[in-house]
Amino acid sequence: MNAASLLADSLSPDGATRQNATSQLEQASATNYPGYMTLLAAELANEGSQPHIRNAAGLALKNALSARDTQRQQEYEARWLNLPPEPKNQVKQEALRTLSSPVTRAAGVAAQVIAAIAAVELPHHQWPELIQGLLGYVNDASNASLRVSALQTIGYICETIRPEVLAMRANEILTAVVHGARKEEPSPDVQLAAINALYNSLEFVRDNFDREGERNYIMQVVCEATQNTAVPVQVAAFECLVRIMGLYYDKMSFYMERALFGLTVLGMKNPEENVALQAVEFWSTVCEEEIDLAIEEAEAMEYGEQPENESKYFAKIALPEIMPVILQLLTRQVEDADEDEWDVSMAAGTCLGLLAQAVGDGIIQQALPFIEVNIKNPDWHYREAAVMTFGSILDGPDPNSLAPLVAQALPILIDMMRDPHMQVKDTTAWTLGRICDLLTATIKPEVHLRPLVMALVAGLEDSPRIVTNCCWSLMNLGDQMSLMYTEGDAPPQTSVISPYFQGIVEALLRVTERSTNESNFRTSAYEAITSFVSHAAVDTLPVVSTVILTVLNRMEQLLQMQGELLGSDDRNNWNDLQGNLASVVIAVTRRMGGEIQPLAERIMTIVLQLMHSAGKGATTVLEDCFLIVGTLASALEQQFAPFIPAFIPFLEGALRAHEDTQLCTVAIGIVGDISRALGEGAAAYASGFMTLLLENLSSDALARSVKIPILACFGDIALATGPHFEPYLNHVMDVLRQAGQVQSTALDFEMLDYVHSLREGILDAYVGIVSGLKPTEKKMILLPHVPAMLELIQRTLADEERPDAVAKLAIGLLGDIADAFPNGEVKDFMLADWVTGALKVKGRGRDLKTTVRWAKEMVKRATQ
């Protein structure tokens, strides 16, 4: 194999050449993995080769060692670990040799390759000499470029490996990295690489941060680096401070007072935008930490406890110093900035919103003078900044403190929807949306509602960005007004929105007729329509009926257009439109419930045609169709039965689509929807459903995350079919018992989350099975399975890390078992000491407390 030639062809602009080269490389990897890896390594180290080919070789090496998919990553790791020592060492030596290459790009990709190998080997206690060797390079004062490459490598390793793997080398790594970041270091490139490496190592040097002397030195070096003459070093140093604040907030009081207040204010004023951005991000991080701490404190107070961590109130203390700078940064808008472009003005707006949440009422007096002075400023930059300030402080202060200000500002803001400058109108529409969402009570129907609706509807004729914000504002208005004036669960006969309902919906429908979707405005219009029909009062249902007819007509027209689609853009646009229309159908069906019956056949005909015509890659269309079917089944209940035979083949196909995780998950949910809708009538389809679901559980191709909803689906089928679930009971209970044995270590957070989700699915299944059999004569067949269920409940409640939702399910199942057998059949089980302890479980939710009280009554009855 000529590696250089194939790598060059793999970068060819010609598609056929590129595909052919890629196929040959993949074949070489599959048939001769050792030779493939050593050839790539040799090409990476080849100083006579073109830089882009060396880069391609390095990336191919890295991609042969690391993958985003967990299962594939495990396969790659096993393949590398099983390599004979000779080719393995050859690859390592070539990569290490490339670190000293004068070609910066080659050295950089070599650093990534070494980090990828380290990520595989170090957790298995292999390549123990690597870190020491890299530290030797870092300390080699004679070769600055090698020091940079070695520091980059250390940084990549720290970024990719779990902290505990490198904990034993933390002191050495930290010493070398901090030494390279000192202000005395003559090379700014070394300083930059060292600061970046420090950033990546911060999580596993926690022990060093606990020691005051070491912490002081690290903070001194980072703070000094923020004043470096090289801008990239300054930016990296502020990035470091941002991460330090996120990781070690509780240790920052001394440094905030002595240095960080002043440094970050200076940083925000820096004319270099990237420096200012990171300095603003520092304060956003402070606010995020203090918002979380305030939530933690409020929850603790509710239960009469002390919070584990206390806020230092840095944002509140610094507010008078940082607020003027933030407000000034708001005026540095870029007139023609791209929506996805992040500039210092946008960062300041985000920070201001977080400040409002962190300090509450204190921000009002800081912001008001700026708003009052600039709301009518002839310079649009200041006018827009004033509106942005007002919109940003609406979430955080007491609504009662804001109410008079909002009432006073509303007429001005409504009038500003006619501002001559587009960016001012855009921010005004966003601010009105915030008012509609957060402070709906300040909108007086007799004073503000009509001019507000007229201004927002007029905005639907404006530029795409303004249309998007007007749609969002109208959606919030519809949502919140409905919540305010709806009593109980029954839809109201009328609402304050009713007089405007038809005009708003018709205006939104006109927006959706446009052929483009710039700034996502068409999708936003459909979302607003969905919101309005979801909350429609009874007196607006005739309008809802016209909406569903319009939407069904459009779906039929789109079906007829399918053959005219030329390229991928046309297809994507078609898929997006069908998705938008499907969301409206779902919302209308939910709102109308059984009254959708006259249109059910037409809806199902369209859905079946869509699924039949959906080609490869049309997963989203199939998902949307399935969601319509699930909603329709829930609305029609037993009346949905006539549609099932035609739908079953599509459902079975989706359940067998093991490679399509999302589609398969949605299909499993639809099985549950149909079962719940049909009740005992689902017994006719239970055998087919159960066969496919059990096949899926045993499939190696199906992602483990999809298997959890399958377990919960067993509960749905059992709850619906009751005694008809008996043929499947023993097999299902064995599966659930085995799944319940899976455990995790506290250090493996990914596995810990999976185990919690798994237990939630198993408990869901048990609850459905017990509830389905409990009121029937067949309930006695549950008795042999009671010990396994109680074992899982005990293990779940003994897990201190388990979420409250899982605890609630476990306690609920305990109560269900006791309730099912009130005549002493489970008395001995319920008298166990752990049951008494379980019924004293504490949590943050009221639902959990209610469930515990009910379970106590059931257990008490079962033991008497």
# chains A, B, ... in the order shown; residues from 1 in each chain; ligands from 1
>>> residues_around(residues="range 400-409 of chain A", least_positions_apart="4", cutoff="12 Å", atoms="only C-alpha atoms", output="ChimeraX atom specification")
/A:356,360-365,367-368,371-372,375,386-387,390-391,393-396,413-416,428,431-432,434-436,438-445,447-449
>>> residues_around(residues="Thr516 in chain A", least_positions_apart="5", cutoff="9 Å", atoms="only C-alpha atoms", output="list in words")
Phe521, Arg522 and Asn573 of chain A
>>> write_last_selection(atoms="C-alpha atoms", output="PDB file, in the first residue's frame")
ATOM      1  CA  PHE A 521     -39.213  32.221  11.174  1.00  0.00           C
ATOM      2  CA  ARG A 522     -41.582  29.785   9.452  1.00  0.00           C
ATOM      3  CA  ASN A 573     -37.239  21.642   3.272  1.00  0.00           C
TER       4      ASN A 573
END
>>> residues_around(residues="range 787-803 of chain A", least_positions_apart="6", cutoff="8 Å", atoms="only C-alpha atoms", output="CSV table (one decimal) with N, CA and C atoms, in the first residue's frame")
chain,number,residue,atom,x,y,z
A,737,ARG,N,-35.6,-9.2,36.6
A,737,ARG,CA,-34.8,-9.5,37.8
A,737,ARG,C,-33.3,-9.5,37.4
A,740,GLY,N,-32.1,-6.0,37.0
A,740,GLY,CA,-32.0,-5.3,38.3
A,740,GLY,C,-30.7,-5.6,39.0
A,756,HIS,N,-29.2,4.2,37.0
A,756,HIS,CA,-30.4,4.9,37.6
A,756,HIS,C,-31.5,4.9,36.6
A,759,ARG,N,-32.9,1.3,36.4
A,759,ARG,CA,-33.8,1.0,37.5
A,759,ARG,C,-35.1,1.7,37.4
A,766,TYR,N,-42.5,-3.0,36.7
A,766,TYR,CA,-43.0,-3.7,37.9
A,766,TYR,C,-44.4,-3.0,38.3
A,810,ALA,N,-39.8,3.6,43.5
A,810,ALA,CA,-39.5,2.4,44.4
A,810,ALA,C,-40.5,2.4,45.5
A,811,ILE,N,-40.7,3.5,46.2
A,811,ILE,CA,-41.7,3.6,47.3
A,811,ILE,C,-43.1,3.3,46.8
A,813,LEU,N,-43.9,1.4,44.3
A,813,LEU,CA,-44.0,-0.1,44.0
A,813,LEU,C,-44.2,-0.8,45.3
A,814,LEU,N,-43.5,-0.4,46.4
A,814,LEU,CA,-43.6,-1.0,47.7
A,814,LEU,C,-45.1,-0.9,48.2
A,829,PHE,N,-42.6,-10.2,54.6
A,829,PHE,CA,-41.7,-9.3,53.8
A,829,PHE,C,-41.8,-7.8,54.3
A,834,TRP,N,-35.6,-3.2,56.9
A,834,TRP,CA,-35.3,-2.2,55.8
A,834,TRP,C,-36.5,-1.5,55.3
A,835,VAL,N,-37.7,-2.2,55.4
A,835,VAL,CA,-38.9,-1.6,55.0
A,835,VAL,C,-39.2,-0.4,55.8
A,838,ALA,N,-37.0,2.3,54.8
A,838,ALA,CA,-37.4,2.8,53.5
A,838,ALA,C,-38.5,3.9,53.6
A,841,VAL,N,-37.6,7.5,54.0
A,841,VAL,CA,-36.8,8.1,53.0
A,841,VAL,C,-37.1,9.6,52.8
>>> residues_around(residues="Leu508 in chain A", least_positions_apart="6", cutoff="8 Å", atoms="only C-alpha atoms", output="PyMOL selection string")
chain A and resi 460+471+525-526+528-529
>>> residues_around(residues="range 769-775 of chain A", least_positions_apart="5", cutoff="10 Å", atoms="only C-alpha atoms", output="PyMOL selection string")
chain A and resi 712+714-726+729+732-733+763-764+780-782+786+813+816-817+819-821
>>> closest_residue(among="A:Trp472, A:Tyr500, A:Trp854, A:Phe643", to="Val629 in chain A", atoms="only C-alpha atoms")
A:Phe643
>>> atom_distance(atom1="CA of Met37 in chain A", atom2="CA of Tyr76 in chain A")
12.4 Å
>>> closest_residue(among="A:Met604, A:Leu694, A:Glu321, A:Thr530", to="Met555 in chain A", atoms="only C-alpha atoms")
A:Met604
